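Undergrad: As input, take query_11.cif (mmCIF, C-alpha atoms and all ligand atoms):
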data_input
loop_
_atom_site.label_atom_id
_atom_site.label_comp_id
_atom_site.auth_asym_id
_atom_site.auth_seq_id
_atom_site.Cartn_x
_atom_site.Cartn_y
_atom_site.Cartn_z
CA MET A 103 0.00 0.00 0.00
CA VAL A 104 1.44 3.37 -1.01
CA ASP A 105 0.93 6.97 0.07
CA PHE A 106 0.00 9.98 -2.12
CA ASP A 107 3.60 10.29 -3.29
CA GLY A 108 3.70 6.64 -4.41
CA GLU A 109 5.98 5.64 -1.50
CA LYS A 110 5.29 2.54 0.57
CA TYR A 111 3.96 3.44 4.02
CA HIS A 112 6.40 2.95 6.87
CA VAL A 113 5.29 0.90 9.90
CA LEU A 114 7.26 0.42 13.13
CA ILE A 115 6.61 -2.76 15.15
CA VAL A 116 7.44 -2.46 18.85
CA ASP A 117 7.36 -5.68 20.89
CA ASP A 118 9.73 -7.48 23.27
CA ASN A 119 8.47 -10.91 22.15
CA PRO A 120 10.35 -12.29 19.07
CA THR A 121 7.44 -14.57 18.12
CA ASN A 122 5.00 -11.68 17.95
CA ILE A 123 7.48 -9.67 15.93
CA ASP A 124 7.91 -12.53 13.45
CA ILE A 125 4.15 -12.90 12.95
CA LEU A 126 3.63 -9.17 12.40
CA VAL A 127 6.61 -8.89 10.06
CA SER A 128 5.41 -11.80 7.91
CA THR A 129 1.89 -10.30 7.85
CA LEU A 130 2.93 -6.81 6.78
CA ARG A 131 6.28 -7.01 4.97
CA ASP A 132 4.91 -7.40 1.44
CA LEU A 133 2.84 -4.22 1.71
CA TYR A 134 4.87 -1.84 3.87
CA ARG A 135 8.35 -0.70 4.76
CA LEU A 136 8.94 -2.08 8.26
CA GLY A 137 11.02 -1.16 11.26
CA VAL A 138 11.36 -3.16 14.46
CA ALA A 139 12.19 -2.05 18.01
CA LYS A 140 12.38 -4.48 20.94
CA ASN A 141 11.89 -1.96 23.74
CA GLY A 142 10.40 1.46 24.38
CA ILE A 143 13.63 3.47 24.36
CA LYS A 144 14.67 2.06 20.99
CA ALA A 145 11.15 2.68 19.67
CA ILE A 146 11.29 6.40 20.57
CA ASP A 147 14.77 6.72 19.09
CA TYR A 148 13.64 4.99 15.88
CA ALA A 149 10.50 7.13 15.60
CA GLN A 150 12.46 10.36 15.97
CA LYS A 151 15.06 9.37 13.40
CA ASN A 152 12.82 7.66 10.82
CA GLN A 153 9.36 9.21 11.20
CA PRO A 154 7.25 6.08 10.51
CA ASP A 155 3.64 6.60 9.46
CA LEU A 156 2.25 4.13 12.01
CA ILE A 157 3.46 2.30 15.12
CA LEU A 158 2.15 -1.07 16.35
CA LEU A 159 2.96 -0.79 20.03
CA ASP A 160 2.97 -3.54 22.68
CA ILE A 161 2.13 -2.37 26.20
CA MET A 162 3.75 -4.87 28.55
CA MET A 163 7.48 -4.39 28.01
CA PRO A 164 10.38 -4.20 30.51
CA GLU A 165 11.85 -0.80 31.54
CA MET A 166 9.32 1.38 29.71
CA ASP A 167 5.80 0.18 29.04
CA GLY A 168 3.79 1.02 25.91
CA TYR A 169 1.68 3.68 27.64
CA GLU A 170 4.82 5.61 28.58
CA VAL A 171 6.24 5.22 25.08
CA CYS A 172 2.96 6.56 23.68
CA ARG A 173 2.90 9.50 26.14
CA LYS A 174 6.46 10.49 25.24
CA LEU A 175 5.85 10.24 21.49
CA LYS A 176 2.70 12.36 21.76
CA SER A 177 4.55 15.00 23.81
CA MET A 178 7.19 15.68 21.16
CA ASP A 179 6.51 17.90 18.14
CA ASP A 180 8.37 15.68 15.70
CA THR A 181 6.55 12.46 16.69
CA LYS A 182 3.16 13.56 18.01
CA SER A 183 1.34 13.06 14.72
CA ILE A 184 2.51 9.46 14.20
CA GLY A 185 -0.46 7.09 14.44
CA ILE A 186 -0.20 4.51 17.25
CA ILE A 187 -2.10 1.23 17.50
CA PHE A 188 -1.69 -0.64 20.77
CA ILE A 189 -1.38 -4.38 20.24
CA THR A 190 -1.47 -6.18 23.59
CA ALA A 191 -2.79 -9.00 25.76
CA MET A 192 -4.18 -6.43 28.22
CA HIS A 193 -7.81 -6.84 27.38
CA LYS A 194 -9.69 -5.12 30.24
CA SER A 195 -11.86 -2.18 29.30
CA GLU A 196 -9.88 0.20 31.56
CA ASN A 197 -6.69 -0.80 29.70
CA ILE A 198 -8.35 -0.07 26.37
CA THR A 199 -9.77 3.22 27.59
CA ARG A 200 -6.38 4.27 28.92
CA GLY A 201 -4.80 3.42 25.58
CA PHE A 202 -7.14 5.77 23.73
CA GLU A 203 -6.68 8.44 26.39
CA TYR A 204 -2.95 8.36 25.69
CA GLY A 205 -3.67 9.19 22.06
CA ALA A 206 -3.75 5.80 20.29
CA VAL A 207 -5.91 5.53 17.17
CA ASP A 208 -6.78 1.85 17.75
CA TYR A 209 -6.36 -1.07 20.13
CA ILE A 210 -5.87 -4.71 19.09
CA ILE A 211 -6.03 -7.54 21.63
CA LYS A 212 -3.67 -10.54 21.53
CA PRO A 213 -3.91 -13.20 20.36
CA PHE A 214 -4.75 -11.39 17.20
CA ASN A 215 -6.08 -12.45 13.84
CA THR A 216 -3.54 -11.45 11.18
CA MET A 217 -6.27 -10.48 8.68
CA GLU A 218 -7.80 -8.17 11.27
CA VAL A 219 -4.41 -6.56 11.93
CA LEU A 220 -3.92 -6.11 8.20
CA ALA A 221 -7.36 -4.55 7.76
CA ARG A 222 -6.94 -2.13 10.65
CA VAL A 223 -3.44 -1.08 9.62
CA LYS A 224 -4.68 -0.47 6.10
CA THR A 225 -7.63 1.62 7.30
CA HIS A 226 -5.54 3.81 9.59
CA LEU A 227 -2.83 4.36 7.02
CA SER A 228 -5.49 5.48 4.53
CA LEU A 229 -6.80 7.99 7.06
CA ILE A 230 -3.30 9.17 7.92
CA GLY A 231 -2.57 9.53 4.20
CA TYR A 232 -5.63 11.67 3.62
CA ARG A 233 -4.85 13.77 6.69
CA ASP A 234 -1.27 14.39 5.53
CA HIS A 235 -2.49 15.15 2.03
CA LEU A 236 -5.04 17.67 3.30
CA GLU A 237 -2.48 19.29 5.61
CA GLU A 238 -0.10 19.66 2.68
CA MET A 239 -2.83 21.21 0.54
CA VAL A 240 -3.75 23.65 3.33
CA ARG A 241 -0.09 24.53 3.82
CA LYS A 242 0.41 25.26 0.10
CA ARG A 243 -2.80 27.27 -0.14
CA THR A 244 -1.86 29.24 2.97
CA ILE A 245 1.50 30.17 1.44
CA GLN A 246 -0.23 31.21 -1.80
CA LEU A 247 -2.73 33.32 0.13
CA GLU A 248 -0.02 34.98 2.23
CA MET A 249 1.95 35.83 -0.91
CA ALA A 250 -1.17 37.26 -2.56
CA ASN A 251 -1.95 39.31 0.57
CA ASP A 252 1.62 40.63 0.74
CA GLU A 253 1.45 41.68 -2.92
CA LEU A 254 -1.89 43.36 -2.30
CA LEU A 255 -0.54 45.30 0.69
CA ASP A 256 2.62 46.32 -1.16
CA LEU A 257 0.43 47.54 -3.99
CA GLN A 258 -1.76 49.56 -1.62
CA ARG A 259 1.28 51.18 -0.04
CA GLU A 260 2.75 51.98 -3.42
CA ILE A 261 -0.52 53.50 -4.64
CA ILE A 262 -0.84 55.60 -1.50
CA TYR A 263 2.65 57.01 -1.83
CA LYS A 264 2.22 57.68 -5.57
CA LEU A 265 -1.10 59.46 -5.01
CA GLY A 266 0.41 61.61 -2.26
CA ARG A 267 3.35 62.37 -4.51
CA ALA A 268 1.02 63.26 -7.40
CA ALA A 269 -0.94 65.64 -5.16
CA GLU A 270 2.24 67.51 -4.17
CA TYR A 271 3.87 67.39 -7.58
CA LYS A 272 2.87 70.85 -8.77
CA ASP A 273 3.70 72.87 -5.70
CA TYR A 274 6.48 70.86 -4.01
CA GLU A 275 8.26 69.31 -6.93
CA THR A 276 10.87 67.22 -5.15
CA GLY A 277 8.32 65.04 -3.38
CA MET A 278 10.40 65.23 -0.19
CA HIS A 279 7.58 67.07 1.63
CA VAL A 280 5.41 63.95 1.84
CA LEU A 281 8.35 61.82 2.96
CA ARG A 282 9.27 64.30 5.71
CA VAL A 283 5.67 64.62 6.91
CA SER A 284 5.42 60.83 7.01
CA SER A 285 8.59 60.56 9.12
CA TYR A 286 7.58 63.40 11.46
CA CYS A 287 4.19 61.74 11.99
CA GLY A 288 5.80 58.41 12.83
CA ILE A 289 8.13 60.05 15.37
CA VAL A 290 5.31 62.00 17.07
CA ALA A 291 3.00 58.96 17.12
CA GLU A 292 5.76 56.92 18.76
CA ALA A 293 6.29 59.64 21.37
CA LEU A 294 2.56 59.43 22.13
CA SER A 295 2.98 55.65 22.69
CA LEU A 296 0.21 54.76 20.24
CA ASP A 297 -0.32 51.16 19.14
CA PRO A 298 2.61 50.11 16.89
CA ASN A 299 0.28 49.00 14.07
CA PHE A 300 -1.54 52.32 14.22
CA ILE A 301 1.76 54.21 14.19
CA ASN A 302 2.69 52.31 11.06
CA LEU A 303 -0.65 53.17 9.47
CA ILE A 304 -0.23 56.88 10.26
CA ARG A 305 3.25 56.79 8.76
CA LEU A 306 1.90 55.12 5.62
CA CYS A 307 -1.25 57.22 5.23
CA SER A 308 0.02 60.70 6.04
CA PRO A 309 1.46 61.26 2.51
CA MET A 310 -2.16 61.38 1.30
CA HIS A 311 -3.13 64.40 3.41
CA ASP A 312 -3.24 66.84 0.49
CA LEU A 313 -4.55 64.42 -2.12
CA GLY A 314 -7.52 66.74 -2.69
CA LYS A 315 -5.20 69.38 -4.19
CA ILE A 316 -5.53 67.35 -7.38
CA GLY A 317 -8.95 68.99 -7.70
CA ILE A 318 -7.77 72.58 -7.09
CA PRO A 319 -7.35 74.67 -10.26
CA ASP A 320 -3.82 75.84 -11.04
CA ARG A 321 -4.87 79.50 -10.94
CA VAL A 322 -5.51 79.01 -7.21
CA LEU A 323 -3.00 76.30 -6.31
CA LEU A 324 -0.05 77.98 -8.02
CA LYS A 325 -1.02 81.61 -7.48
CA LYS A 326 1.88 83.83 -6.45
CA GLY A 327 0.72 86.08 -3.65
CA PRO A 328 -2.22 86.03 -1.26
CA LEU A 329 -5.52 84.33 -2.13
CA ASN A 330 -8.73 86.33 -2.18
CA ASP A 331 -11.83 85.14 -0.32
CA GLU A 332 -13.25 83.20 -3.26
CA GLU A 333 -9.88 81.54 -3.89
CA TRP A 334 -9.58 80.55 -0.21
CA VAL A 335 -12.93 78.83 -0.39
CA ILE A 336 -11.67 76.85 -3.38
CA MET A 337 -8.36 76.05 -1.68
CA LYS A 338 -10.04 74.86 1.50
CA SER A 339 -12.15 72.43 -0.51
CA HIS A 340 -9.08 70.18 -0.96
CA CYS A 341 -10.01 68.46 2.35
CA LYS A 342 -13.46 67.50 1.07
CA ILE A 343 -12.12 66.53 -2.37
CA GLY A 344 -9.47 64.30 -0.78
CA SER A 345 -12.05 62.68 1.47
CA ASP A 346 -14.38 62.07 -1.50
CA ILE A 347 -11.60 60.47 -3.54
CA LEU A 348 -10.75 58.13 -0.65
CA SER A 349 -14.32 57.25 0.30
CA PRO A 350 -15.35 53.64 -0.30
CA VAL A 351 -16.17 53.24 -3.98
CA PHE A 352 -18.23 50.13 -3.57
CA ALA A 353 -20.25 50.90 -0.44
CA GLY A 354 -23.96 50.50 -1.06
CA LYS A 355 -23.50 50.29 -4.81
CA ASN A 356 -24.43 47.16 -6.66
CA ILE A 357 -21.77 47.49 -9.32
CA LEU A 358 -19.70 44.43 -8.48
CA SER A 359 -19.94 40.86 -9.65
CA GLY A 360 -20.24 38.19 -6.95
CA GLU A 361 -16.57 37.37 -7.41
CA GLN A 362 -15.53 41.02 -7.05
CA SER A 363 -17.67 41.43 -3.93
CA ALA A 364 -16.02 38.36 -2.41
CA ALA A 365 -12.59 39.85 -3.20
CA VAL A 366 -13.53 43.14 -1.50
CA ASP A 367 -14.82 41.22 1.54
CA GLU A 368 -11.49 39.37 1.71
CA MET A 369 -9.62 42.69 1.54
CA LYS A 370 -11.65 44.05 4.41
CA LYS A 371 -10.42 41.22 6.61
CA ILE A 372 -6.87 42.41 6.12
CA SER A 373 -6.05 44.96 8.79
CA ASP A 374 -4.15 47.14 6.34
CA TYR A 375 -7.37 47.65 4.38
CA ARG A 376 -7.65 50.46 6.94
CA LEU A 377 -4.94 52.23 4.97
CA ILE A 378 -7.53 53.82 2.72
CA GLU A 379 -9.89 54.74 5.57
CA ILE A 380 -7.12 56.27 7.73
CA SER A 381 -5.91 58.17 4.67
CA ARG A 382 -9.43 59.50 4.13
CA ILE A 383 -9.71 60.62 7.77
CA ILE A 384 -6.37 62.45 7.53
CA ALA A 385 -7.25 64.09 4.21
CA GLU A 386 -10.53 65.34 5.63
CA ASN A 387 -9.32 66.56 9.04
CA HIS A 388 -5.71 67.74 8.78
CA HIS A 389 -6.72 71.44 8.74
CA GLU A 390 -8.99 71.19 11.75
CA LYS A 391 -7.72 73.06 14.82
CA TRP A 392 -7.76 72.08 18.49
CA ASN A 393 -9.68 75.30 19.32
CA GLY A 394 -12.40 74.54 16.75
CA LYS A 395 -11.38 77.34 14.36
CA GLY A 396 -10.10 75.09 11.59
CA TYR A 397 -11.78 73.69 8.52
CA PRO A 398 -13.73 72.09 6.87
CA ALA A 399 -16.04 71.10 9.78
CA GLY A 400 -14.70 73.23 12.65
CA ARG A 401 -14.21 70.12 14.78
CA LYS A 402 -12.75 70.77 18.22
CA GLY A 403 -10.36 68.99 20.61
CA GLU A 404 -10.57 65.23 20.68
CA ASP A 405 -13.40 65.27 18.13
CA ILE A 406 -10.55 65.63 15.67
CA PRO A 407 -9.09 62.15 15.06
CA ILE A 408 -5.64 61.77 16.61
CA GLU A 409 -4.07 60.82 13.27
CA ALA A 410 -5.22 64.16 11.82
CA ARG A 411 -3.99 66.08 14.89
CA ILE A 412 -0.55 64.53 14.36
CA VAL A 413 -0.48 65.25 10.62
CA ALA A 414 -1.53 68.85 11.31
CA ILE A 415 1.58 69.60 13.35
CA ALA A 416 3.88 67.70 10.97
CA ASP A 417 2.44 69.51 7.93
CA VAL A 418 2.68 72.98 9.48
CA TYR A 419 6.20 72.39 10.82
CA ASP A 420 7.33 71.28 7.37
CA ALA A 421 5.72 74.32 5.75
CA LEU A 422 7.45 76.61 8.27
CA SER A 423 10.86 75.00 7.97
CA SER A 424 10.90 74.68 4.15
CA LYS A 425 11.40 77.21 1.39
CA ARG A 426 8.25 77.78 -0.61
CA SER A 427 7.53 79.92 -3.66
CA TYR A 428 5.99 82.55 -1.40
CA LYS A 429 8.49 82.44 1.52
CA GLU A 430 11.95 81.51 2.71
CA ALA A 431 12.49 78.71 5.21
CA PHE A 432 12.18 79.88 8.82
CA ASP A 433 15.04 79.05 11.16
CA GLU A 434 14.57 76.27 13.72
CA ASP A 435 13.98 78.58 16.71
CA LYS A 436 11.23 80.47 14.91
CA CYS A 437 9.58 77.21 13.78
CA GLN A 438 9.54 75.82 17.29
CA GLN A 439 8.36 79.11 18.77
CA ILE A 440 5.38 79.14 16.38
CA ILE A 441 4.55 75.50 17.13
CA THR A 442 4.72 75.84 20.92
CA SER A 443 2.80 79.13 20.96
CA SER A 444 0.03 77.37 19.01
CA SER A 445 -0.38 74.67 21.66
CA GLY A 446 -4.01 74.56 22.79
CA GLU A 447 -4.97 76.81 19.88
CA HIS A 448 -4.09 75.28 16.54
CA PHE A 449 -2.57 72.10 18.00
CA ASP A 450 -3.41 69.45 20.59
CA PRO A 451 -1.14 70.26 23.61
CA ALA A 452 -0.28 66.57 24.05
CA VAL A 453 0.81 66.35 20.42
CA VAL A 454 2.90 69.53 20.81
CA ASP A 455 4.59 67.99 23.86
CA ALA A 456 5.28 64.80 21.90
CA PHE A 457 6.68 66.90 19.05
CA THR A 458 8.95 69.10 21.18
CA GLY A 459 10.08 66.08 23.21
CA SER A 460 11.24 64.47 19.97
CA ILE A 461 12.75 67.55 18.39
CA LYS A 462 16.21 66.06 17.98
CA ARG A 463 14.83 63.20 15.85
CA ILE A 464 12.62 65.64 13.95
CA ILE A 465 15.60 67.87 13.06
CA ASP A 466 17.63 64.81 12.00
CA VAL A 467 14.84 63.88 9.55
CA LYS A 468 14.63 67.47 8.30
CA GLU A 469 18.36 67.41 7.51
CA GLU A 470 18.29 63.93 6.02
CA LEU A 471 15.32 64.56 3.72
CA LYS A 472 16.16 68.06 2.52
CA ASP A 473 14.70 69.30 -0.75
CA TRP A 474 17.28 69.03 -3.47
FE FE B 1 -3.74 70.49 3.28
#
Please express what this file holds, its structure, as structure tokens.

TA:
Amino acid sequence: MVDFDGEKYHVLIVDDNPTNIDILVSTLRDLYRLGVAKNGIKAIDYAQKNQPDLILLDIMMPEMDGYEVCRKLKSMDDTKSIGIIFITAMHKSENITRGFEYGAVDYIIKPFNTMEVLARVKTHLSLIGYRDHLEEMVRKRTIQLEMANDELLDLQREIIYKLGRAAEYKDYETGMHVLRVSSYCGIVAEALSLDPNFINLIRLCSPMHDLGKIGIPDRVLLKKGPLNDEEWVIMKSHCKIGSDILSPVFAGKNILSGEQSAAVDEMKKISDYRLIEISRIIAENHHEKWNGKGYPAGRKGEDIPIEARIVAIADVYDALSSKRSYKEAFDEDKCQQIITSSSGEHFDPAVVDAFTGSIKRIIDVKEELKDW
């Protein structure tokens, strides 16, 4: 009898009685690869080294009885899945029950009928073969699924960065602004001791904060000099535009095939599906102010999501400390003075504390990711 790979199954016979061994060997040798051990210690050693598919295990043996052999084999990772059939003269029901409790798959009482032994061995090896086959299939499918998920997440991250980069392309051409803001956000989120997964999400999503600028006309976005009232209204709409772009496309709309819907449901199970939602929250709320005087909704205090409160300080600090078409870069002291004086007004005081407490790391990033 062969397994799914066409190999003969491997059976270990464990018995201290040579006559019993001879009978079992002559019964099974034409169908299976056989191993023989005459005591429990040798049986365990053989099982660890050779990984048989099934063990026919006597109970009454000197030094270590079959129950103990079974217990040890079931306690070790490399032997615990080997099927064990007790084959013994101990015929009382408590002996049989104990055998199953120790993890045996079957129990044969001596003197045995060789045809019965053959039939039971064959049945259990078939079951073991199917189990191993299914486990292998699950393992392969799991690897395929993990690879597909990894590719999907990499793709999401890439899209998010590219979109953020596209949004900044016209006004900050080097693209370093989004990288700096992302790093500043990560540093501040760490200083606030947020959940590590959430910190990672903030770092990944923050480059999308100005995505809505894609929808702002060049006459406003690239205007040299101050904006008039009408132009400010247009400029402020970038928060709403960004949020609209990042809102769920499929929610409540019956535009997907069953297969596509299933794929979306699978995506939602992946924690990083939150990438898009966190990005949307940041895009919508990064100009809100702690004192309620921001836009677009005039949210106040902790009604503003923490990820947006963090991006707000990172975005403003980067604007202050960078050269723009309408201003020179402010020196570090002036930047920090503006940030700290805005604590409790523009910015969440706790976020300001986290920022100022991490200023050395922030300055290192500013130097490392300079515009070229
Ligand atoms: Fe913005």

Undergrad: What does the structure give for the distance between CA of Thr244 in chain A and CA of Gly231 in chain A, in Å to one decimal?

TA: 19.8 Å

Undergrad: List every residue of chain A that has an atom at most 9 Å from any atom of ligand FE 1 (chain B), giving for each one its closest atom pair and the distance in Å to one decimal, counting all atoms listed in the file, sorted by chain and then by ascending residue number, as JSON lines.

TA:
{"residue": "A:His311", "atom": "CA", "partner": "B:FE1", "partner_atom": "FE", "distance": 6.1}
{"residue": "A:Asp312", "atom": "CA", "partner": "B:FE1", "partner_atom": "FE", "distance": 4.6}
{"residue": "A:Leu313", "atom": "CA", "partner": "B:FE1", "partner_atom": "FE", "distance": 8.2}
{"residue": "A:Gly314", "atom": "CA", "partner": "B:FE1", "partner_atom": "FE", "distance": 8.0}
{"residue": "A:Lys315", "atom": "CA", "partner": "B:FE1", "partner_atom": "FE", "distance": 7.7}
{"residue": "A:Met337", "atom": "CA", "partner": "B:FE1", "partner_atom": "FE", "distance": 8.8}
{"residue": "A:Lys338", "atom": "CA", "partner": "B:FE1", "partner_atom": "FE", "distance": 7.9}
{"residue": "A:His340", "atom": "CA", "partner": "B:FE1", "partner_atom": "FE", "distance": 6.8}
{"residue": "A:Cys341", "atom": "CA", "partner": "B:FE1", "partner_atom": "FE", "distance": 6.7}
{"residue": "A:Ala385", "atom": "CA", "partner": "B:FE1", "partner_atom": "FE", "distance": 7.4}
{"residue": "A:Glu386", "atom": "CA", "partner": "B:FE1", "partner_atom": "FE", "distance": 8.8}
{"residue": "A:Asn387", "atom": "CA", "partner": "B:FE1", "partner_atom": "FE", "distance": 8.9}
{"residue": "A:His388", "atom": "CA", "partner": "B:FE1", "partner_atom": "FE", "distance": 6.5}
{"residue": "A:His389", "atom": "CA", "partner": "B:FE1", "partner_atom": "FE", "distance": 6.3}
{"residue": "A:Ala414", "atom": "CA", "partner": "B:FE1", "partner_atom": "FE", "distance": 8.5}
{"residue": "A:Asp417", "atom": "CA", "partner": "B:FE1", "partner_atom": "FE", "distance": 7.8}

Undergrad: Could you check the closest approach to Val219 in chain A for each of A:Leu158, A:Gly344, A:Arg135, A:Gly142 and tell me which residue wins, using only C-alpha atoms?

TA: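 Checking each candidate against Val219 in chain A, we get A:Leu158 as the closest.
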
Undergrad: Counting all atoms listed in the file, which of A:Asn119, A:Val240, A:Ser195, A:Asp208 gets nearest to Pro164 in chain A?

TA: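 When distances to Pro164 in chain A are compared using all atoms listed in the file, the smallest one comes from A:Asn119.
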
Undergrad: A:Pro407, A:Gly185, A:Gly400, A:Gly459: which is nearest Ala149 in chain A, counting all atoms listed in the file?

TA: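 Of the candidates, the smallest distance to Ala149 in chain A is held by A:Gly185.
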